[in-house]
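In what follows, a structure is listed as structure tokens, so that the remarks can point back to it.
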Amino acid sequence: MKAVYPGSFDPVTAGHLDIIERAARIFDRLVVTVFPNPAKAPLFAVEERVAMLREVTRHLPNVEVDSSEGLLVPYVRRVGARVIVKGLRAMSDFDYEFRMALMNKKLDPEVETVFILTSSQYAYLSSSLIKEVASLGGCVTGLVPPVVERRLRELWPVQEPGPGS
Ligand code: ADP
């Protein structure tokens, strides 16, 4: 069974990677697809997000990375899948994802949305919070894969805490 895990992944975080690794154990094939979110100003170009995702999923032979735009459900059909994977962090995700899953079901009743609950250590992680902390010089080690951390440090060097601070 093939599934699609869509998101903006700007950039991929340890929370996303945890969902990818767990979904890759459930489904035979997983396509991780970058969809630009028109409501959010992007930090990384879609091509760079795809490149970072490819690098961090290299150890997963049944995972491929793609990008697309427009409606999700026809895309899912085009790649020969019938399952959409979504990660759930909190009740705040649930309200939006609930409406989105029902709308997608209305658009194509044969496509199912499957929710995977976040691992507790990543429950507070989002790409936007990572960008906010990194842009202010905070350390995000362990919260994003090393390749992402390097890219963020190129953009915003980490401010080492001085003595007594
Ligand atoms: P965000 O900018 O909020 O990280 P994305 O669009 O990149 O959002 O997220 C893609 C998918 O991954 C969504 O289903 C989202 O709920 C899920 N997700 C994001 N962060 C986490 C996390 N820390 N744990 C579990 N799922 C997550």
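Naming scheme: A, B, ... for chains in displayed order of the structure tokens; residues 1 onward per chain; ligands 1 onward as shown.
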Original post:
So which residues touch Ser67 of chain A within 8 Å, counting only C-alpha atoms, skipping near sequence neighbours fewer than 5 positions away, as an NGL selection string?
Top reply: :A and (33-35 or 46 or 50)
Original post:
Counting only C-alpha atoms, what is within 9 Å of Val12 of chain A, bar same-chain residues fewer than 3 positions away, as a ChimeraX atom specification?
Top reply: /A:8-9,15-17,49,52-53,56,127,144-145,148
Restricting it to N, CA, C and O atoms, dump the selection as a compact mmCIF listing (two decimals), in the first residue's frame.
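This went into out-v1.txt:
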# COMPACT_ATOMS: atom_id res chain seq x y z
N SER A 8 4.52 21.45 4.13
CA SER A 8 5.36 22.50 3.54
C SER A 8 6.84 22.23 3.85
O SER A 8 7.70 22.62 3.08
N PHE A 9 7.14 21.55 4.96
CA PHE A 9 8.51 21.12 5.27
C PHE A 9 9.53 22.25 5.06
O PHE A 9 10.53 22.07 4.39
N GLY A 15 10.45 16.28 14.16
CA GLY A 15 9.06 15.82 14.29
C GLY A 15 8.54 15.23 12.99
O GLY A 15 7.89 14.18 12.97
N HIS A 16 8.85 15.91 11.87
CA HIS A 16 8.47 15.36 10.56
C HIS A 16 9.17 14.02 10.32
O HIS A 16 8.56 13.06 9.87
N LEU A 17 10.49 14.00 10.59
CA LEU A 17 11.27 12.79 10.31
C LEU A 17 10.74 11.59 11.11
O LEU A 17 10.70 10.46 10.62
N ARG A 49 14.06 22.45 -0.09
CA ARG A 49 13.33 21.62 0.88
C ARG A 49 13.34 20.16 0.43
O ARG A 49 13.52 19.24 1.22
N MET A 52 16.83 18.68 1.01
CA MET A 52 17.08 18.35 2.42
C MET A 52 16.29 17.10 2.82
O MET A 52 16.81 16.22 3.52
N LEU A 53 15.03 16.99 2.34
CA LEU A 53 14.23 15.80 2.65
C LEU A 53 14.87 14.55 2.07
O LEU A 53 14.91 13.50 2.72
N VAL A 56 17.80 13.50 4.27
CA VAL A 56 17.48 12.94 5.60
C VAL A 56 16.67 11.65 5.53
O VAL A 56 16.47 10.99 6.55
N SER A 127 7.89 23.91 12.11
CA SER A 127 8.90 24.58 11.30
C SER A 127 8.94 26.07 11.65
O SER A 127 10.01 26.67 11.71
N VAL A 144 16.14 19.51 14.70
CA VAL A 144 16.13 19.37 13.23
C VAL A 144 17.28 18.44 12.86
O VAL A 144 18.26 18.33 13.62
N PRO A 145 17.20 17.77 11.69
CA PRO A 145 18.34 16.94 11.27
C PRO A 145 19.59 17.81 11.08
O PRO A 145 19.46 19.01 10.79
N VAL A 148 19.88 20.29 8.18
CA VAL A 148 19.02 21.47 8.32
C VAL A 148 19.65 22.45 9.31
O VAL A 148 19.67 23.66 9.08
Which residues of chain A come within 7 Å of ligand 1, and what is each one's closest atom pair and distance in Å (one decimal), counting only C-alpha atoms and all ligand atoms, sorted by chain and residue number, as JSON lines?
{"residue": "A:Pro6", "atom": "CA", "partner": "ligand 1", "partner_atom_place_in_ligand_line": "10 (C)", "distance": 6.0}
{"residue": "A:Gly7", "atom": "CA", "partner": "ligand 1", "partner_atom_place_in_ligand_line": "10 (C)", "distance": 3.6}
{"residue": "A:Ser8", "atom": "CA", "partner": "ligand 1", "partner_atom_place_in_ligand_line": "7 (O)", "distance": 4.0}
{"residue": "A:Phe9", "atom": "CA", "partner": "ligand 1", "partner_atom_place_in_ligand_line": "7 (O)", "distance": 3.7}
{"residue": "A:Asp10", "atom": "CA", "partner": "ligand 1", "partner_atom_place_in_ligand_line": "7 (O)", "distance": 6.0}
{"residue": "A:Val12", "atom": "CA", "partner": "ligand 1", "partner_atom_place_in_ligand_line": "7 (O)", "distance": 6.8}
{"residue": "A:Thr13", "atom": "CA", "partner": "ligand 1", "partner_atom_place_in_ligand_line": "20 (N)", "distance": 7.0}
{"residue": "A:Ala14", "atom": "CA", "partner": "ligand 1", "partner_atom_place_in_ligand_line": "23 (N)", "distance": 6.9}
{"residue": "A:Gly15", "atom": "CA", "partner": "ligand 1", "partner_atom_place_in_ligand_line": "23 (N)", "distance": 3.6}
{"residue": "A:His16", "atom": "CA", "partner": "ligand 1", "partner_atom_place_in_ligand_line": "21 (C)", "distance": 5.1}
{"residue": "A:Ile19", "atom": "CA", "partner": "ligand 1", "partner_atom_place_in_ligand_line": "25 (C)", "distance": 6.1}
{"residue": "A:Lys86", "atom": "CA", "partner": "ligand 1", "partner_atom_place_in_ligand_line": "14 (O)", "distance": 3.8}
{"residue": "A:Gly87", "atom": "CA", "partner": "ligand 1", "partner_atom_place_in_ligand_line": "26 (N)", "distance": 3.5}
{"residue": "A:Leu88", "atom": "CA", "partner": "ligand 1", "partner_atom_place_in_ligand_line": "16 (O)", "distance": 4.8}
{"residue": "A:Arg89", "atom": "CA", "partner": "ligand 1", "partner_atom_place_in_ligand_line": "25 (C)", "distance": 5.1}
{"residue": "A:Asp93", "atom": "CA", "partner": "ligand 1", "partner_atom_place_in_ligand_line": "16 (O)", "distance": 6.1}
{"residue": "A:Leu117", "atom": "CA", "partner": "ligand 1", "partner_atom_place_in_ligand_line": "25 (C)", "distance": 6.3}
{"residue": "A:Thr118", "atom": "CA", "partner": "ligand 1", "partner_atom_place_in_ligand_line": "25 (C)", "distance": 3.9}
{"residue": "A:Ser119", "atom": "CA", "partner": "ligand 1", "partner_atom_place_in_ligand_line": "24 (N)", "distance": 6.5}
{"residue": "A:Tyr122", "atom": "CA", "partner": "ligand 1", "partner_atom_place_in_ligand_line": "23 (N)", "distance": 4.5}
{"residue": "A:Ala123", "atom": "CA", "partner": "ligand 1", "partner_atom_place_in_ligand_line": "23 (N)", "distance": 5.1}
{"residue": "A:Tyr124", "atom": "CA", "partner": "ligand 1", "partner_atom_place_in_ligand_line": "23 (N)", "distance": 6.1}
{"residue": "A:Leu125", "atom": "CA", "partner": "ligand 1", "partner_atom_place_in_ligand_line": "23 (N)", "distance": 4.2}
{"residue": "A:Ser126", "atom": "CA", "partner": "ligand 1", "partner_atom_place_in_ligand_line": "4 (O)", "distance": 3.8}
{"residue": "A:Ser127", "atom": "CA", "partner": "ligand 1", "partner_atom_place_in_ligand_line": "4 (O)", "distance": 4.1}
{"residue": "A:Ser128", "atom": "CA", "partner": "ligand 1", "partner_atom_place_in_ligand_line": "2 (O)", "distance": 5.5}
Subject >> Backbone DSSP call of alpha helix (DSSP H) for segment 119-165 of chain A, listed as an MDAnalysis selection string >> reply: chainID A and resid 127:135 146:155
